[in-house]
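Just input.txt here, compact mmCIF, C-alpha atoms:
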```txt
# COMPACT_ATOMS: atom_id res chain seq x y z
CA MET A 1 -14.53 -3.72 0.90
CA ILE A 2 -14.05 -0.61 -1.25
CA LEU A 3 -15.70 1.56 1.40
CA ALA A 4 -13.61 0.09 4.21
CA LEU A 5 -10.50 0.73 2.14
CA LEU A 6 -11.51 4.31 1.39
CA ARG A 7 -12.17 4.98 5.06
CA ARG A 8 -8.79 3.60 6.01
CA ASP A 9 -6.97 5.51 3.27
CA LEU A 10 -8.69 8.73 4.26
CA ALA A 11 -7.74 8.22 7.90
CA GLN A 12 -4.15 7.87 6.73
CA PHE A 13 -4.02 10.97 4.60
CA PHE A 14 -6.59 13.39 5.88
CA PRO A 15 -5.37 16.60 7.49
CA PHE A 16 -5.43 16.65 11.28
CA THR A 17 -6.11 12.91 11.60
CA GLY A 18 -3.34 11.43 9.47
CA SER A 19 0.29 11.85 10.44
CA GLY A 20 1.35 15.38 9.50
CA ALA A 21 -1.01 15.45 6.57
CA ALA A 22 -2.06 19.06 7.16
CA LEU A 23 1.38 20.11 5.96
CA PRO A 24 0.45 20.70 2.28
CA VAL A 25 -2.33 23.11 3.21
CA VAL A 26 -0.15 24.96 5.72
CA PHE A 27 2.55 25.17 3.08
CA PHE A 28 0.05 26.53 0.56
CA VAL A 29 -1.15 29.29 2.86
CA ALA A 30 2.42 30.08 3.90
CA VAL A 31 3.44 30.73 0.29
CA ALA A 32 0.42 33.01 -0.23
CA MET A 33 1.34 34.83 2.97
CA LEU A 34 5.02 35.27 2.12
CA PHE A 35 4.49 36.49 -1.42
CA PRO A 36 3.21 39.99 -0.50
CA PHE A 37 6.21 40.41 1.78
CA ALA A 38 8.55 39.52 -1.05
CA VAL A 39 7.08 41.73 -3.81
CA GLY A 40 5.56 44.49 -1.70
CA PRO A 41 1.99 45.29 -0.80
CA ASP A 42 1.01 47.00 -4.09
CA ALA A 43 -2.54 45.74 -4.71
CA ASN A 44 -2.22 45.98 -8.51
CA VAL A 45 0.93 43.91 -8.69
CA LEU A 46 -0.48 41.38 -6.27
CA ALA A 47 -3.76 40.99 -8.13
CA LYS A 48 -1.88 40.55 -11.42
CA THR A 49 0.60 37.94 -10.21
CA GLY A 50 -1.19 36.43 -7.26
CA GLY A 51 -3.19 33.89 -9.24
CA GLY A 52 -0.05 32.37 -10.70
CA VAL A 53 1.47 32.16 -7.26
CA VAL A 54 -1.58 30.33 -5.93
CA TRP A 55 -1.30 27.83 -8.78
CA ILE A 56 2.40 27.22 -8.16
CA ALA A 57 1.73 26.84 -4.44
CA ALA A 58 -1.03 24.33 -5.21
CA LEU A 59 1.28 22.35 -7.45
CA LEU A 60 4.03 22.24 -4.84
CA ALA A 61 1.52 21.36 -2.14
CA ALA A 62 0.45 18.39 -4.28
CA ILE A 63 4.04 17.12 -4.29
CA LEU A 64 4.40 17.05 -0.50
CA PRO A 65 2.25 13.97 0.31
CA LEU A 66 3.70 11.84 -2.51
CA GLU A 67 6.41 10.26 -0.40
CA LYS A 68 3.90 8.45 1.81
CA LEU A 69 1.25 7.91 -0.83
CA VAL A 70 2.26 4.46 -2.08
CA ALA A 71 5.73 3.48 -0.91
CA ARG A 72 4.75 3.14 2.73
CA ASP A 73 1.98 0.65 2.07
CA ILE A 74 4.22 -1.40 -0.21
CA ALA A 75 6.80 -1.63 2.57
CA LEU A 76 4.00 -2.54 4.97
CA GLY A 77 2.78 -5.42 2.82
CA PHE A 78 -0.62 -3.74 2.83
CA PHE A 79 -1.24 -4.16 -0.90
CA ASP A 80 -0.07 -7.80 -0.72
CA GLN A 81 -2.73 -8.56 1.86
CA LEU A 82 -5.43 -6.82 -0.20
CA LYS A 83 -4.31 -8.76 -3.25
CA LEU A 84 -4.77 -12.05 -1.38
CA ARG A 85 -8.33 -11.01 -0.68
CA GLY A 86 -9.01 -10.65 -4.36
CA ALA A 87 -8.66 -6.90 -4.81
CA THR A 88 -7.12 -5.75 -8.07
CA GLU A 89 -4.28 -3.24 -8.09
CA GLU A 90 -6.43 -0.96 -10.24
CA ALA A 91 -9.18 -0.86 -7.61
CA MET A 92 -6.66 -0.22 -4.84
CA MET A 93 -5.17 2.66 -6.81
CA ALA A 94 -8.57 4.11 -7.76
CA VAL A 95 -9.49 4.25 -4.09
CA ARG A 96 -6.12 5.69 -3.24
CA LEU A 97 -6.58 8.38 -5.91
CA LEU A 98 -9.93 9.40 -4.46
CA ALA A 99 -8.53 9.46 -0.93
CA HIS A 100 -5.49 11.45 -2.06
CA TRP A 101 -7.60 14.06 -3.81
CA LEU A 102 -10.07 14.31 -0.91
CA SER A 103 -7.19 14.83 1.49
CA PHE A 104 -5.59 17.75 -0.32
CA GLY A 105 -8.09 19.05 -2.92
CA PRO A 106 -10.98 20.33 -0.79
CA PRO A 107 -8.69 21.62 2.01
CA LEU A 108 -6.72 23.49 -0.63
CA LEU A 109 -9.90 25.00 -2.07
CA LEU A 110 -10.86 26.18 1.41
CA ALA A 111 -7.39 27.58 1.95
CA THR A 112 -7.77 29.51 -1.31
CA PHE A 113 -10.15 31.89 0.46
CA PRO A 114 -7.55 33.26 2.90
CA ALA A 115 -4.85 32.98 0.24
CA ALA A 116 -6.89 35.04 -2.23
CA ALA A 117 -7.55 37.65 0.42
CA LEU A 118 -3.84 37.95 1.13
CA LEU A 119 -3.06 38.31 -2.57
CA LYS A 120 -5.89 40.74 -3.35
CA ILE A 121 -7.60 38.40 -5.80
CA GLU A 122 -11.23 39.43 -5.97
CA GLY A 123 -14.44 39.17 -7.97
CA GLU A 124 -14.32 37.39 -11.32
CA SER A 125 -10.65 36.47 -10.88
CA PHE A 126 -11.41 34.72 -7.65
CA THR A 127 -14.21 32.68 -9.21
CA ILE A 128 -11.94 31.62 -12.06
CA LEU A 129 -9.16 30.74 -9.65
CA LEU A 130 -11.45 28.63 -7.49
CA LEU A 131 -13.05 26.85 -10.45
CA GLY A 132 -9.65 26.29 -11.99
CA LEU A 133 -8.31 24.69 -8.83
CA LEU A 134 -11.44 22.57 -8.55
CA ALA A 135 -10.90 21.35 -12.11
CA GLY A 136 -7.13 21.04 -11.85
CA THR A 137 -6.49 19.39 -8.48
CA PRO A 138 -7.89 15.96 -9.50
CA GLY A 139 -5.41 15.98 -12.37
CA LEU A 140 -2.58 16.93 -10.04
CA ALA A 141 -3.64 14.12 -7.70
CA ALA A 142 -3.68 11.65 -10.60
CA ILE A 143 -0.20 12.64 -11.79
CA GLY A 144 1.02 12.46 -8.21
CA LEU A 145 -0.37 8.97 -7.70
CA MET A 146 1.14 7.62 -10.92
CA ILE A 147 4.54 9.06 -10.05
CA ALA A 148 4.36 7.88 -6.45
CA ALA A 149 3.59 4.35 -7.63
CA LEU A 150 6.32 4.41 -10.27
CA THR A 151 9.01 5.64 -7.91
CA ALA A 152 7.87 3.62 -4.88
CA SER A 153 10.56 0.99 -5.26
CA LEU A 154 13.38 3.45 -5.92
CA ARG A 155 15.69 4.50 -3.16
CA ALA A 156 15.60 8.21 -3.96
CA GLY A 157 11.97 8.01 -5.04
CA ALA A 158 10.71 10.93 -2.98
CA ALA A 159 13.18 13.43 -4.40
CA LEU A 160 12.62 12.14 -7.91
CA SER A 161 8.85 12.30 -7.74
CA GLY A 162 8.86 16.08 -7.26
CA LEU A 163 11.06 16.52 -10.31
CA LEU A 164 8.88 14.21 -12.40
CA LEU A 165 5.61 15.83 -11.43
CA ILE A 166 6.53 19.35 -12.48
CA PRO A 167 6.80 18.84 -16.26
CA LEU A 168 3.72 16.61 -16.34
CA ALA A 169 1.71 19.20 -14.47
CA LEU A 170 2.64 21.97 -16.92
CA PRO A 171 -0.49 21.69 -19.13
CA ILE A 172 -2.76 22.06 -16.12
CA LEU A 173 -0.71 25.02 -14.91
CA ILE A 174 -0.66 26.72 -18.31
CA PHE A 175 -4.42 26.49 -18.87
CA GLY A 176 -5.31 27.06 -15.22
CA ALA A 177 -3.17 30.11 -14.69
CA GLY A 178 -3.80 31.23 -18.28
CA ALA A 179 -7.53 31.38 -17.65
CA LEU A 180 -6.79 33.78 -14.86
CA ALA A 181 -4.60 36.07 -16.96
CA ARG A 182 -7.10 36.24 -19.80
CA GLN A 183 -10.17 36.19 -17.55
CA ASP A 184 -11.74 33.56 -19.71
CA GLN A 185 -13.55 30.53 -18.46
CA VAL A 186 -13.07 28.49 -21.65
CA SER A 187 -9.56 27.49 -20.61
CA LEU A 188 -11.06 26.00 -17.50
CA GLY A 189 -12.75 23.46 -19.76
CA PHE A 190 -9.31 22.39 -20.96
CA VAL A 191 -8.11 22.05 -17.38
CA GLY A 192 -11.08 19.87 -16.59
CA ALA A 193 -10.55 17.76 -19.72
CA ILE A 194 -6.87 17.20 -18.94
CA SER A 195 -7.78 16.32 -15.36
CA LEU A 196 -10.44 13.83 -16.42
CA GLY A 197 -8.07 12.12 -18.84
CA LEU A 198 -5.42 11.81 -16.15
CA VAL A 199 -7.90 10.55 -13.56
CA ALA A 200 -9.07 7.91 -16.03
CA ILE A 201 -5.62 6.47 -16.74
CA ALA A 202 -4.06 6.91 -13.28
CA PRO A 203 -5.47 3.76 -11.61
CA PHE A 204 -4.27 1.60 -14.49
CA ALA A 205 -0.81 3.15 -14.72
CA ALA A 206 -0.33 3.13 -10.94
CA GLY A 207 -1.73 -0.40 -10.66
CA ALA A 208 0.72 -1.68 -13.26
CA ALA A 209 3.51 0.12 -11.44
CA ILE A 210 2.88 -1.52 -8.07
CA ARG A 211 2.50 -4.90 -9.76
CA ALA A 212 5.89 -4.42 -11.34
CA ALA A 213 7.38 -3.25 -8.05
CA ARG A 214 6.30 -6.50 -6.42
CA GLU A 215 8.20 -8.64 -8.90
CA GLN A 216 11.55 -7.48 -7.60
CA MET B 1 -14.01 -24.18 7.64
CA GLN B 2 -15.04 -24.90 4.06
CA ALA B 3 -11.70 -26.48 3.38
CA SER B 4 -12.44 -30.05 2.43
CA PHE B 5 -11.77 -29.57 -1.29
CA SER B 6 -8.89 -27.21 -1.01
CA PHE B 7 -5.41 -28.03 -2.26
CA LEU B 8 -2.16 -26.29 -3.01
CA ALA B 9 0.15 -27.63 -5.65
CA ALA B 10 3.35 -26.53 -7.32
CA GLU B 11 4.63 -28.09 -10.49
CA ASN B 12 8.18 -27.78 -11.72
CA LEU B 13 8.49 -24.47 -9.97
CA ALA B 14 11.60 -22.37 -10.47
CA CYS B 15 12.21 -18.93 -9.02
CA ARG B 16 14.91 -16.35 -9.38
CA ARG B 17 15.95 -13.43 -7.30
CA GLY B 18 17.67 -10.89 -9.49
CA GLU B 19 19.79 -12.92 -11.87
CA ARG B 20 20.29 -15.84 -9.51
CA LEU B 21 18.26 -19.01 -9.82
CA LEU B 22 17.28 -19.99 -6.27
CA PHE B 23 15.55 -23.33 -6.87
CA ARG B 24 14.10 -25.30 -9.76
CA LYS B 25 12.09 -28.46 -10.46
CA LEU B 26 10.18 -28.03 -7.23
CA SER B 27 6.91 -29.96 -7.25
CA PHE B 28 4.55 -30.83 -4.45
CA ARG B 29 0.88 -31.19 -3.75
CA LEU B 30 -0.78 -30.54 -0.40
CA GLU B 31 -4.29 -31.87 0.13
CA ALA B 32 -6.74 -30.72 2.78
CA GLY B 33 -5.40 -31.35 6.26
CA ALA B 34 -1.75 -31.42 5.24
CA ALA B 35 1.03 -29.43 6.84
CA CYS B 36 4.39 -28.96 5.21
CA HIS B 37 7.56 -27.52 6.69
CA VAL B 38 10.01 -25.87 4.30
CA THR B 39 13.50 -25.55 5.70
CA GLY B 40 16.47 -23.72 4.36
CA ALA B 41 19.23 -21.32 5.30
CA ASN B 42 18.76 -17.56 5.12
CA GLY B 43 18.63 -16.50 1.50
CA ALA B 44 17.93 -20.01 0.23
CA GLY B 45 14.63 -18.85 -1.24
CA LYS B 46 11.95 -19.64 1.35
CA THR B 47 10.36 -16.21 1.16
CA THR B 48 10.63 -16.21 -2.62
CA LEU B 49 8.83 -19.56 -2.71
CA ILE B 50 6.06 -18.31 -0.41
CA ARG B 51 5.52 -15.16 -2.46
CA ALA B 52 5.35 -17.21 -5.64
CA LEU B 53 2.87 -19.62 -4.05
CA ALA B 54 0.79 -16.67 -2.89
CA GLY B 55 0.62 -15.44 -6.47
CA LEU B 56 2.37 -12.20 -5.57
CA THR B 57 5.21 -12.85 -8.00
CA THR B 58 5.34 -14.72 -11.25
CA PRO B 59 7.61 -17.77 -11.05
CA TYR B 60 10.48 -18.01 -13.51
CA ALA B 61 9.16 -21.39 -14.64
CA GLY B 62 6.48 -23.85 -13.63
CA SER B 63 3.08 -23.20 -12.18
CA VAL B 64 1.15 -22.95 -8.93
CA THR B 65 -2.40 -24.22 -8.68
CA ARG B 66 -4.68 -24.01 -5.72
CA GLU B 67 -8.27 -24.30 -4.64
CA GLY B 68 -9.28 -22.18 -1.68
CA ALA B 69 -8.41 -18.78 -0.27
CA LEU B 70 -4.95 -17.94 0.98
CA ALA B 71 -3.79 -16.34 4.18
CA LEU B 72 -0.23 -15.04 4.26
CA LEU B 73 1.96 -14.36 7.24
CA ALA B 74 5.09 -12.57 6.16
CA GLU B 75 7.70 -10.27 7.58
CA ARG B 76 5.51 -7.39 6.42
CA THR B 77 2.53 -7.43 8.73
CA GLY B 78 0.16 -5.21 6.77
CA LEU B 79 -0.82 -3.44 9.99
CA ASP B 80 -0.76 0.34 10.12
CA PRO B 81 2.20 1.25 12.33
CA ASP B 82 0.64 4.45 13.67
CA ALA B 83 -2.72 2.97 14.60
CA PRO B 84 -3.44 1.31 17.96
CA LEU B 85 -3.31 -2.46 17.61
CA ALA B 86 -7.05 -2.95 18.03
CA ARG B 87 -7.82 -0.46 15.24
CA ALA B 88 -5.13 -1.81 12.92
CA LEU B 89 -6.50 -5.32 13.32
CA ALA B 90 -10.12 -4.14 13.18
CA PHE B 91 -9.58 -3.04 9.58
CA TRP B 92 -8.66 -6.58 8.50
CA PHE B 93 -11.23 -8.20 10.79
CA ALA B 94 -13.94 -6.05 9.20
CA MET B 95 -12.69 -6.95 5.73
CA ASP B 96 -12.69 -10.65 6.58
CA GLY B 97 -16.03 -10.53 8.37
CA VAL B 98 -14.78 -11.70 11.77
CA ALA B 99 -17.63 -12.10 14.21
CA ASP B 100 -15.69 -12.19 17.45
CA PRO B 101 -12.39 -10.25 17.26
CA SER B 102 -11.87 -10.30 21.03
CA ALA B 103 -11.68 -14.10 21.10
CA ILE B 104 -8.87 -14.04 18.54
CA MET B 105 -7.10 -11.25 20.42
CA ALA B 106 -7.35 -13.24 23.64
CA ARG B 107 -6.13 -16.42 21.97
CA LEU B 108 -2.95 -14.67 20.90
CA ARG B 109 -2.60 -12.86 24.23
CA LEU B 110 -3.02 -9.45 22.60
CA SER B 111 -5.95 -8.16 24.68
CA GLY B 112 -3.72 -6.08 26.92
CA LEU B 113 -2.03 -4.44 23.95
CA ALA B 114 -5.19 -3.21 22.20
CA GLU B 115 -4.45 0.50 22.75
CA VAL B 116 -0.72 0.36 21.96
CA PRO B 117 0.29 1.73 18.55
CA VAL B 118 1.63 -1.04 16.35
CA ARG B 119 5.07 0.51 15.93
CA TYR B 120 5.66 0.37 19.69
CA LEU B 121 5.09 -3.39 19.77
CA SER B 122 8.07 -5.72 19.96
CA THR B 123 8.95 -8.05 17.11
CA GLY B 124 7.24 -10.98 18.79
CA GLN B 125 4.13 -8.98 19.61
CA GLN B 126 3.89 -7.79 16.00
CA LYS B 127 4.23 -11.38 14.84
CA ARG B 128 1.40 -12.43 17.14
CA ALA B 129 -0.71 -9.54 15.82
CA ALA B 130 -0.07 -10.73 12.27
CA LEU B 131 -1.06 -14.25 13.33
CA ALA B 132 -4.30 -12.81 14.69
CA ARG B 133 -4.92 -11.34 11.24
CA VAL B 134 -4.26 -14.74 9.63
CA LEU B 135 -6.58 -16.43 12.09
CA GLY B 136 -9.34 -13.90 11.40
CA GLN B 137 -9.12 -14.52 7.69
CA ALA B 138 -10.35 -18.10 8.15
CA ALA B 139 -8.75 -19.10 4.86
CA PRO B 140 -8.22 -22.83 4.17
CA ILE B 141 -4.63 -22.35 3.00
CA TRP B 142 -2.03 -20.81 5.29
CA LEU B 143 1.33 -19.66 4.04
CA LEU B 144 3.48 -18.84 7.04
CA ASP B 145 6.87 -17.26 6.46
CA GLU B 146 9.07 -17.56 9.54
CA PRO B 147 6.13 -17.66 11.98
CA LEU B 148 8.43 -18.51 14.91
CA SER B 149 11.09 -15.85 14.58
CA GLY B 150 11.03 -13.38 17.44
CA LEU B 151 8.55 -15.42 19.48
CA ASP B 152 9.12 -16.64 23.03
CA THR B 153 8.82 -20.34 23.88
CA ALA B 154 5.19 -20.14 24.96
CA SER B 155 4.19 -18.35 21.76
CA GLN B 156 6.13 -20.83 19.64
CA GLY B 157 4.07 -23.57 21.23
CA LEU B 158 0.96 -21.59 20.46
CA VAL B 159 1.91 -21.38 16.77
CA SER B 160 2.33 -25.17 16.64
CA ALA B 161 -1.04 -25.57 18.35
CA LEU B 162 -2.72 -23.20 15.89
CA VAL B 163 -1.26 -25.08 12.93
CA ARG B 164 -2.37 -28.43 14.43
CA GLU B 165 -5.92 -27.13 14.88
CA HIS B 166 -5.98 -25.59 11.43
CA CYS B 167 -4.94 -28.84 9.77
CA ALA B 168 -7.24 -30.94 11.97
CA GLY B 169 -10.07 -28.76 10.65
CA GLY B 170 -9.14 -29.62 7.07
CA GLY B 171 -6.83 -26.67 6.45
CA ILE B 172 -3.54 -26.65 4.63
CA ALA B 173 -0.43 -25.05 6.08
CA LEU B 174 2.90 -24.45 4.41
CA ILE B 175 5.43 -23.15 6.88
CA ALA B 176 8.82 -21.78 5.94
CA SER B 177 11.03 -21.74 8.99
CA HIS B 178 14.47 -22.75 10.12
CA GLN B 179 13.08 -23.59 13.55
CA PRO B 180 11.28 -26.84 14.39
CA LEU B 181 7.51 -27.04 14.84
CA ASN B 182 5.62 -29.59 16.85
CA VAL B 183 2.99 -30.73 14.35
CA PRO B 184 2.43 -34.50 14.05
CA GLY B 185 2.27 -35.83 10.52
CA MET B 186 3.89 -32.76 9.05
CA THR B 187 5.95 -33.38 5.92
CA SER B 188 9.03 -31.35 5.23
CA PHE B 189 11.56 -30.60 2.55
CA ALA B 190 14.69 -28.51 2.37
CA ILE B 191 14.71 -25.86 -0.29
CA GLU B 192 18.43 -26.39 -0.83
CA ASP B 193 17.64 -29.81 -2.32
CA PHE B 194 16.16 -27.98 -5.27
CA ALA B 195 18.99 -25.51 -5.69
CA PRO B 196 20.55 -25.67 -9.13
CA ALA B 197 23.84 -27.52 -9.51
CA ASP B 198 26.83 -25.26 -9.96
CA GLU B 199 27.23 -25.75 -13.70
CA GLU B 200 23.58 -24.78 -14.24
CA HIS B 201 24.20 -21.81 -12.07
CA GLU B 202 26.85 -20.45 -14.39
CA ALA B 203 24.74 -20.99 -17.47
```
Taking this structure as input, can you express it in the form of structure tokens?
Amino acid sequence: MILALLRRDLAQFFPFTGSGAALPVVFFVAVAMLFPFAVGPDANVLAKTGGGVVWIAALLAAILPLEKLVARDIALGFFDQLKLRGATEEAMMAVRLLAHWLSFGPPLLLATFPAAALLKIEGESFTILLLGLLAGTPGLAAIGLMIAALTASLRAGAALSGLLLIPLALPILIFGAGALARQDQVSLGFVGAISLGLVAIAPFAAGAAIRAAREQ
Amino acid sequence: MQASFSFLAAENLACRRGERLLFRKLSFRLEAGAACHVTGANGAGKTTLIRALAGLTTPYAGSVTREGALALLAERTGLDPDAPLARALAFWFAMDGVADPSAIMARLRLSGLAEVPVRYLSTGQQKRAALARVLGQAAPIWLLDEPLSGLDTASQGLVSALVREHCAGGGIALIASHQPLNVPGMTSFAIEDFAPADEEHEA
């Protein structure tokens, strides 16, 4: 049952198969492409600031799929039907979290290669950037899922979820981008720890949120 | 169908929507083979009752007990709107372990629509697709919320026939609808009979 659910969720959200799901990655690369035009092609400036830009682009790219992440399946009665078959909300949300991360995390990591080339991020910096995104994107996915579930029953939920995600994502951004500025890999450990904590609580928080949404 | 011991019972059930009490002191018990028709005007609380019976919402008071799995037909079909009908149904058929999906599709006259995305289907076709999902679930207890709305005459007859077969096989069906069904031996009650009196309403 879990596997069938994961397959279905992935089909919904994965780039190129799901409806318009490639958008976050395109958006991510577009930001990396536009930045050199905006600040000029000076390799030093780009290398210094580029990492931060990649992180901000990743954060914004994580916001884009939130609108469809939970609200659509609530409106569809999809979770109701799963519930009748004995699935818990926590299991549904854990699967959804995995599917959400798989649909934007790995594509984003792949897109980091062209993005880094455009922003002149090389060598050690590139390794730290890639590892940081690997450690940070599960956390971003977890925050996104919790917010998507919480705002699913609100009328202006989509607009609100972007605003809510940004402050919650700050710790990941600070340590992730900070590791890049200081060229130290220790901060990456913090990013990973924050991510793990968020991933652990997200299914429970999101599960409680969709249970509460149903009571209305 | 392993339905011979199944039952569905409500005791002293009361439900609210928002601040408004829709019905209270509603009790019934349906044994295997029983069909029950719940009538009521729009907004009287039929859907609220069904969702409470399904365990999707917590009733304001009272309790629901049941033995046996539930299948729910509601306005929300649970079928992916962007997927072709066959694929959208296949997900639920796989989850419910249906051996012969094509027989169910044929029974509900959906075979010709297999490749059409769900969102292009008409209201009646979507309802029939949702019925196919219910049928595939092979659950002893059916909760059908407005199963007839949007259906043509032939399909309405089919719904009655499906309910008759289901109950003849020892299943339980509770149908909320403002349209009549042709099921012999079906009990019925109007949800308005359990609406609170006006003075309670104000309190």
Check: which chain A residues lie within 9 Å of chain B using only C-alpha atoms, as a PyMOL selection string: chain A and resi 1+4-5+8+12+19+73-81+83-85+211+214-216
I'd like the contact shell of region 164-173 of chain B - 6 Å cut-off, all atoms listed in the file, skipping same-chain residues fewer than 3 positions apart - returned as a list in words.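 My reading of the contact set: Ala3, Ser4, Ala32, Gly33, Ala34, Ala35, Pro140, Ile141, Trp142, Ala161 and Val183 of chain B.
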Residues at most 10 Å from Arg107 (chain B), counting all atoms listed in the file, excluding those fewer than 4 positions away in the same chain, as a PDB file with C-alpha atoms, in the frame of the given file?
```pdb
ATOM      1  CA  PRO B 101     -12.390 -10.250  17.260  1.00  0.00           C
ATOM      2  CA  SER B 102     -11.870 -10.300  21.030  1.00  0.00           C
ATOM      3  CA  ALA B 103     -11.680 -14.100  21.100  1.00  0.00           C
ATOM      4  CA  SER B 111      -5.950  -8.160  24.680  1.00  0.00           C
ATOM      5  CA  ARG B 128       1.400 -12.430  17.140  1.00  0.00           C
ATOM      6  CA  ALA B 132      -4.300 -12.810  14.690  1.00  0.00           C
ATOM      7  CA  LEU B 135      -6.580 -16.430  12.090  1.00  0.00           C
ATOM      8  CA  LEU B 158       0.960 -21.590  20.460  1.00  0.00           C
ATOM      9  CA  LEU B 162      -2.720 -23.200  15.890  1.00  0.00           C
TER      10      LEU B 162
END
```
Correct to one decimal, the distance CA of Leu30 (chain B)-CA of Pro147 (chain B) is 19.2 Å
Applying 12 Å and all atoms listed in the file, which residues near Val186 (chain A) remain after dropping the ones on its own chain fewer than 5 positions away? List them as JSON, numbers by chain. {"A": [128, 131, 132, 175, 176, 178, 179, 180, 191, 192, 193]}
Expressed in Å to a single decimal, how great is the separation between CA of Thr112 (chain A) and CA of Leu66 (chain A)? 21.1 Å
In terms of all atoms listed in the file, the residue from A:Leu140, A:Ile147, A:Ala135, A:Leu118 at minimal distance from Pro41 (chain A) is A:Leu118
Ranking B:Ala90, B:Gly40, B:Met186, B:Val98 by minimum distance to Ala138 (chain B) and counting all atoms listed in the file, which one comes first?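 Looking at the shortest contact to Ala138 (chain B), the residue is B:Val98.
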So what do you get for CA of Asn42 (chain B) versus CA of Thr153 (chain B), distance-wise? 21.4 Å
Would you please work out which residue, of A:Ser187, A:Ser161, A:Thr151, A:Ser103, is nearest to Val25 (chain A) when using only C-alpha atoms?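 Under the stated criterion, the closest residue is A:Ser103.
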Extract region 171-186 of chain A from the preceding block and save N, CA and C atoms as an mmCIF file, in the first residue's frame.
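Done, and the output landed in selection03.cif:
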```cif
data_model
loop_
_atom_site.group_PDB
_atom_site.id
_atom_site.type_symbol
_atom_site.label_atom_id
_atom_site.label_comp_id
_atom_site.auth_asym_id
_atom_site.auth_seq_id
_atom_site.Cartn_x
_atom_site.Cartn_y
_atom_site.Cartn_z
ATOM 1 N N PRO A 171 17.093 29.167 9.534
ATOM 2 C CA PRO A 171 18.251 28.446 10.095
ATOM 3 C C PRO A 171 19.004 27.633 9.047
ATOM 4 N N ILE A 172 18.253 26.959 8.178
ATOM 5 C CA ILE A 172 18.900 26.166 7.134
ATOM 6 C C ILE A 172 19.711 27.080 6.214
ATOM 7 N N LEU A 173 19.109 28.212 5.887
ATOM 8 C CA LEU A 173 19.772 29.166 4.986
ATOM 9 C C LEU A 173 21.038 29.724 5.632
ATOM 10 N N ILE A 174 20.931 30.082 6.909
ATOM 11 C CA ILE A 174 22.075 30.701 7.600
ATOM 12 C C ILE A 174 23.250 29.723 7.656
ATOM 13 N N PHE A 175 22.983 28.491 8.080
ATOM 14 C CA PHE A 175 24.089 27.534 8.192
ATOM 15 C C PHE A 175 24.548 27.059 6.816
ATOM 16 N N GLY A 176 23.616 26.883 5.892
ATOM 17 C CA GLY A 176 23.966 26.396 4.567
ATOM 18 C C GLY A 176 24.803 27.395 3.801
ATOM 19 N N ALA A 177 24.316 28.628 3.746
ATOM 20 C CA ALA A 177 25.056 29.654 3.027
ATOM 21 C C ALA A 177 26.284 30.072 3.820
ATOM 22 N N GLY A 178 26.193 29.995 5.163
ATOM 23 C CA GLY A 178 27.325 30.356 6.016
ATOM 24 C C GLY A 178 28.502 29.416 5.801
ATOM 25 N N ALA A 179 28.225 28.146 5.605
ATOM 26 C CA ALA A 179 29.284 27.178 5.359
ATOM 27 C C ALA A 179 30.071 27.565 4.118
ATOM 28 N N LEU A 180 29.353 28.120 3.186
ATOM 29 C CA LEU A 180 29.962 28.509 1.922
ATOM 30 C C LEU A 180 30.886 29.712 2.111
ATOM 31 N N ALA A 181 30.421 30.682 2.894
ATOM 32 C CA ALA A 181 31.196 31.904 3.104
ATOM 33 C C ALA A 181 32.464 31.595 3.889
ATOM 34 N N ARG A 182 32.341 30.694 4.876
ATOM 35 C CA ARG A 182 33.511 30.413 5.715
ATOM 36 C C ARG A 182 34.306 29.227 5.213
ATOM 37 N N GLN A 183 33.826 28.593 4.152
ATOM 38 C CA GLN A 183 34.478 27.393 3.608
ATOM 39 C C GLN A 183 34.677 26.328 4.675
ATOM 40 N N ASP A 184 33.709 26.164 5.539
ATOM 41 C CA ASP A 184 33.879 25.127 6.548
ATOM 42 C C ASP A 184 32.729 24.132 6.473
ATOM 43 N N GLN A 185 33.111 22.865 6.609
ATOM 44 C CA GLN A 185 32.105 21.836 6.413
ATOM 45 C C GLN A 185 31.350 21.515 7.696
ATOM 46 N N VAL A 186 31.809 22.106 8.830
ATOM 47 C CA VAL A 186 31.158 21.794 10.105
ATOM 48 C C VAL A 186 29.716 22.303 10.098
#
```
